[in-house]
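First the structure, in the form of structure tokens, and then the observations on it.
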Amino acid sequence: MQTISSKNTQFYPSIIQDYLEGKLHSIANIAHGLNWAELQAKKEIKKASYTHRTILVEVLQKQYQDFTLVEEVKNNITALGQSNTFTITTGHQLSLFRGPMFFVTKILELVKYCDEAKNNNLQLVPVFWMATEDHDLAEINHFNLFGKKYEWDIEGKVATGRLSTAGLAQLFSQVPDFPDWLSACYTSSKTLSEATRKLVSHLFGQYGLVIVDGDDKLLKSLFFRQIEKDILETKYAPILRESTRKIEKAGYKAQAYVRECNFFYLGEGFRERIEFSSENEPQFRVLNREVSFTKQELQSLIRSKPELFSPNVLLRPLYQESILPNLAYVGGPGEIAYWFQLKDMFESENIPLPVLFPRKIATLVSKDEKKKMDLAGLQLADFFLNEEQFREKLWQVLQVKHDEFEEENALLESLKQRLLRKAAEADKSLASAVEAEMAKTSKSMGDLQKRLNKAHENRFQIQIKQLQKLRSKFLPEGHLQERHENFLNYYLRQPQLMELLHDVFQPFSFEMEFVVYD
């Protein structure tokens with residue numbers, strides 16, 4: 001396996017790179033501590049403050065009641081009732097067939113942390129938080145498989161976990177050799193949430209991965225005071241704005257926008273923002289719906305039906321950390337960046353912020369692809385240079401002659417200066433004519449230079465096109481492979497993919513990794 005240091009890639013924003021180098025403590029009050037000692041310290045803090053084990057186990061058993069539990073998951077759910085057991089968590093939207101490849105890699109990464117924790121006197125359970133309340137259909141309604149894009153024709157603004165799976169069978173029929181087990185996950189389920197639980201359990205149940213659905217009345221009842229504080233008391237917006245101001249003042253871009261109210265209303269078939277209006281009664285309204293409340297009505301509803309209130313991107317982490325005995329979160333660069341805005345809000349609630357682990361960026365490379373780049377004399381890192389740098393690298397390794405016309409341009413400049421002196425001696429007004437004519441000549445020389453270099457390149461066009469095609473495997477349509485390609489592209493070719501990735505990943509290694517497979 002080869003790696004590229006995070007600082008040598010363009011894929012980690014500066015705030016993440018500075019975090020990995022321990023430079024954010026004074027900015028966002030975020031401790032660095034990406035090690036087992038930091039997790040041990042976090043364990044003691046969480047142990048003293050977390051009180052929801054009994055309810056958590058009850059909810060998980062209920063959420064799994066219609067599923068056949070493998071022993072590893074069953075044992076982990078039971079273990080969460082014990083005071084010495086904690087979690088490490090990641091989350092993701094309910095993308096069809098689990099969407100892009102990084103969904104797989106970040107789950108396997110947190111699994112590896114849990115495995116290694118046993119050797120460091122820590123009992124950790126891997127948890128996958130299903131983003132069942134997210135309503136961004138454009139993010140989940142498609143997938144790329146074997147070079148073709150497939151799209152689920154759905155519309156609306158609804159919590160995706162509640163979507164019916166009816167109609168997906170028609171989409172499956174368009175996919176050649178679609179696996180029966182995968183089809184069964186969806187056709188045997190009523191909702192996308194249920195189907196996703198089956199799929200993720202099929203892939204990761206052997207590792208004891210516990211799946212949590214936050215769209216749950218009992219779990220929301222543990223969070224009702226925070227819902228009230230945000231909507232009715234506007235407690236969090238000023239704190240979040242100040243944290244955001246500090247981050248922006250330090251020269252970073254804030255990842256998430258802070259609103260006065262950070263909750264959505266979950267109605268029948270919709271999820272819309274709640275807004276406060278001081279102009280008239282009622283004081284609260286649901287956007288794009290004829291639904292409104294007075295403060296007293298809303299408070300009563302929060303306490304009697306907390307499941308109707310769905311946190312946004314900034315309050316969802318507070319909800320998650322309120323109901324889980326969580327020590328760490330594994331997330332992408334964008335996710336981790338918005339967690340930096342949350343530290344002061346967490347402190348105001350006496351809830352410890354988890355240790356934040358930026359997930360790995362992993363690229364899969366077949367042995368055949370690796371052989372081709374070795375024969376060309378290229379390193380994996382070369383394929384992640386920008387377009388111009390990559391072409392220059394190809395010219396270098398293929399020994400393509402690239403004429404810079406340095407001598408010719410110097411002669412042309414010398415000739416221009418001689419003509420300007422002669423013009424000045426004869427008639428100063430001729431200087432502009434000399435400049436114009438020489439500019440034309442310079443342009444002609446530039447065009448000739450391009451034609452000559454193109455002729456040199458044409459001799460190597462076949463090799464260049466082959467290597468550019470290979471680069472497109474790692475950066476399809478200019479995107480990272482892990483963000484564009486569905487994991488099935490690789491899993492169906494190599495069923496041992498999970499085991500391979502699990503074996504090569506190492507905790508606390510925040511680098512871009514290349515994994516070679518058969």
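By order in the structure tokens, chains are A, B, ...; within a chain, residues start at 1; ligands start at 1, following the order shown.
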Which residues, written as an mmCIF file with C-alpha atoms, in the first residue's frame, have at least one atom at most 8 Å from Asn76 of chain A, with only C-alpha atoms counted and residues fewer than 5 positions away on the same chain left out?
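Here's the written file around_25.cif:
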data_model
loop_
_atom_site.group_PDB
_atom_site.id
_atom_site.type_symbol
_atom_site.label_atom_id
_atom_site.label_comp_id
_atom_site.auth_asym_id
_atom_site.auth_seq_id
_atom_site.Cartn_x
_atom_site.Cartn_y
_atom_site.Cartn_z
ATOM 1 C CA VAL A 125 -18.688 -0.409 19.826
ATOM 2 C CA GLY A 208 -20.586 -5.898 15.250
ATOM 3 C CA VAL A 210 -24.684 -1.184 15.500
#
Exercise: Gln255 of chain A partners within 7 Å, only C-alpha atoms, chain neighbours under 2 positions left out, as a PDB file with N, CA and C atoms, in the first residue's frame:
ATOM      1  N   LYS A 253     -12.957  29.179   6.145  1.00  0.00           N
ATOM      2  CA  LYS A 253     -14.345  29.284   5.709  1.00  0.00           C
ATOM      3  C   LYS A 253     -15.223  28.422   6.606  1.00  0.00           C
ATOM      4  N   TYR A 257     -24.015  27.246   7.809  1.00  0.00           N
ATOM      5  CA  TYR A 257     -24.654  28.537   8.094  1.00  0.00           C
ATOM      6  C   TYR A 257     -25.475  28.427   9.380  1.00  0.00           C
ATOM      7  N   GLY A 334     -15.445  17.871   5.108  1.00  0.00           N
ATOM      8  CA  GLY A 334     -16.523  18.833   5.282  1.00  0.00           C
ATOM      9  C   GLY A 334     -17.260  18.642   6.593  1.00  0.00           C
ATOM     10  N   ALA A 337     -15.141  19.777   9.550  1.00  0.00           N
ATOM     11  CA  ALA A 337     -15.035  21.242   9.562  1.00  0.00           C
ATOM     12  C   ALA A 337     -16.219  21.886  10.271  1.00  0.00           C
ATOM     13  N   TYR A 338     -17.446  21.365  10.076  1.00  0.00           N
ATOM     14  CA  TYR A 338     -18.560  22.024  10.765  1.00  0.00           C
ATOM     15  C   TYR A 338     -18.630  21.635  12.243  1.00  0.00           C
TER      16      TYR A 338
END
re atom CA of Leu364 of chain A and atom CA of Pro507 of chain A: distance 18.8 Å
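Nearest to Leu20 of chain A of all the residues A:Pro352, A:Gly33, A:Pro306, A:Pro476 is A:Gly33, counting only C-alpha atoms.
Within 12 Å of segment 437-451 of chain A there are Lys401, His402, Asp403, Glu404, Phe405, Glu406, Glu407, Glu408, Asn409, Ala410, Leu411, Leu412, Glu413, Ser414, Leu415, Lys416, Gln417, Arg418, Leu419, Leu420, Leu430, Ala431, Glu457 and Asn458 of chain A, counting only C-alpha atoms and ignoring same-chain residues fewer than 6 positions away.
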Atom CA of Glu155 of chain A to atom CA of Leu96 of chain A measures 14.9 Å
Enumerate as a PyMOL selection string all residues of segment 324-479 of chain A assigned to strand (DSSP E or B) by DSSP on the backbone, naming them with the chain letters and numbers the document uses.
chain A and resi 326-331+355-358+361-366
Could you turn the residues from that selection into a file that holds N, CA and C atoms, as an mmCIF file, in the first residue's frame?
data_model
loop_
_atom_site.group_PDB
_atom_site.id
_atom_site.type_symbol
_atom_site.label_atom_id
_atom_site.label_comp_id
_atom_site.auth_asym_id
_atom_site.auth_seq_id
_atom_site.Cartn_x
_atom_site.Cartn_y
_atom_site.Cartn_z
ATOM 1 N N ASN A 326 -20.617 8.284 23.372
ATOM 2 C CA ASN A 326 -19.685 8.356 22.247
ATOM 3 C C ASN A 326 -18.380 9.051 22.624
ATOM 4 N N LEU A 327 -17.274 8.497 22.119
ATOM 5 C CA LEU A 327 -15.960 9.075 22.386
ATOM 6 C C LEU A 327 -15.346 9.741 21.167
ATOM 7 N N ALA A 328 -15.702 9.260 19.966
ATOM 8 C CA ALA A 328 -15.054 9.794 18.759
ATOM 9 C C ALA A 328 -16.002 9.723 17.578
ATOM 10 N N TYR A 329 -15.762 10.607 16.608
ATOM 11 C CA TYR A 329 -16.553 10.638 15.382
ATOM 12 C C TYR A 329 -15.610 10.610 14.187
ATOM 13 N N VAL A 330 -15.891 9.720 13.235
ATOM 14 C CA VAL A 330 -15.123 9.629 11.991
ATOM 15 C C VAL A 330 -15.934 10.289 10.884
ATOM 16 N N GLY A 331 -15.396 11.325 10.272
ATOM 17 C CA GLY A 331 -16.149 12.044 9.242
ATOM 18 C C GLY A 331 -15.255 12.561 8.134
ATOM 19 N N VAL A 355 -13.753 13.163 20.203
ATOM 20 C CA VAL A 355 -12.520 13.302 19.437
ATOM 21 C C VAL A 355 -12.895 13.191 17.963
ATOM 22 N N LEU A 356 -12.383 14.082 17.153
ATOM 23 C CA LEU A 356 -12.772 14.149 15.742
ATOM 24 C C LEU A 356 -11.679 13.554 14.866
ATOM 25 N N PHE A 357 -12.038 12.477 14.162
ATOM 26 C CA PHE A 357 -11.096 11.800 13.279
ATOM 27 C C PHE A 357 -11.472 12.052 11.824
ATOM 28 N N PRO A 358 -10.687 12.848 11.075
ATOM 29 C CA PRO A 358 -10.941 12.954 9.632
ATOM 30 C C PRO A 358 -10.758 11.577 8.993
ATOM 31 N N ILE A 361 -8.840 9.154 2.933
ATOM 32 C CA ILE A 361 -9.187 9.192 1.513
ATOM 33 C C ILE A 361 -8.518 7.972 0.891
ATOM 34 N N ALA A 362 -9.321 7.041 0.418
ATOM 35 C CA ALA A 362 -8.781 5.788 -0.112
ATOM 36 C C ALA A 362 -9.099 5.660 -1.598
ATOM 37 N N THR A 363 -8.117 5.219 -2.354
ATOM 38 C CA THR A 363 -8.286 4.969 -3.786
ATOM 39 C C THR A 363 -7.920 3.518 -4.069
ATOM 40 N N LEU A 364 -8.820 2.819 -4.774
ATOM 41 C CA LEU A 364 -8.589 1.419 -5.106
ATOM 42 C C LEU A 364 -7.894 1.311 -6.460
ATOM 43 N N VAL A 365 -6.869 0.490 -6.506
ATOM 44 C CA VAL A 365 -6.053 0.323 -7.712
ATOM 45 C C VAL A 365 -5.940 -1.170 -8.012
ATOM 46 N N SER A 366 -6.347 -1.575 -9.204
ATOM 47 C CA SER A 366 -6.207 -2.990 -9.563
ATOM 48 C C SER A 366 -4.740 -3.307 -9.850
#
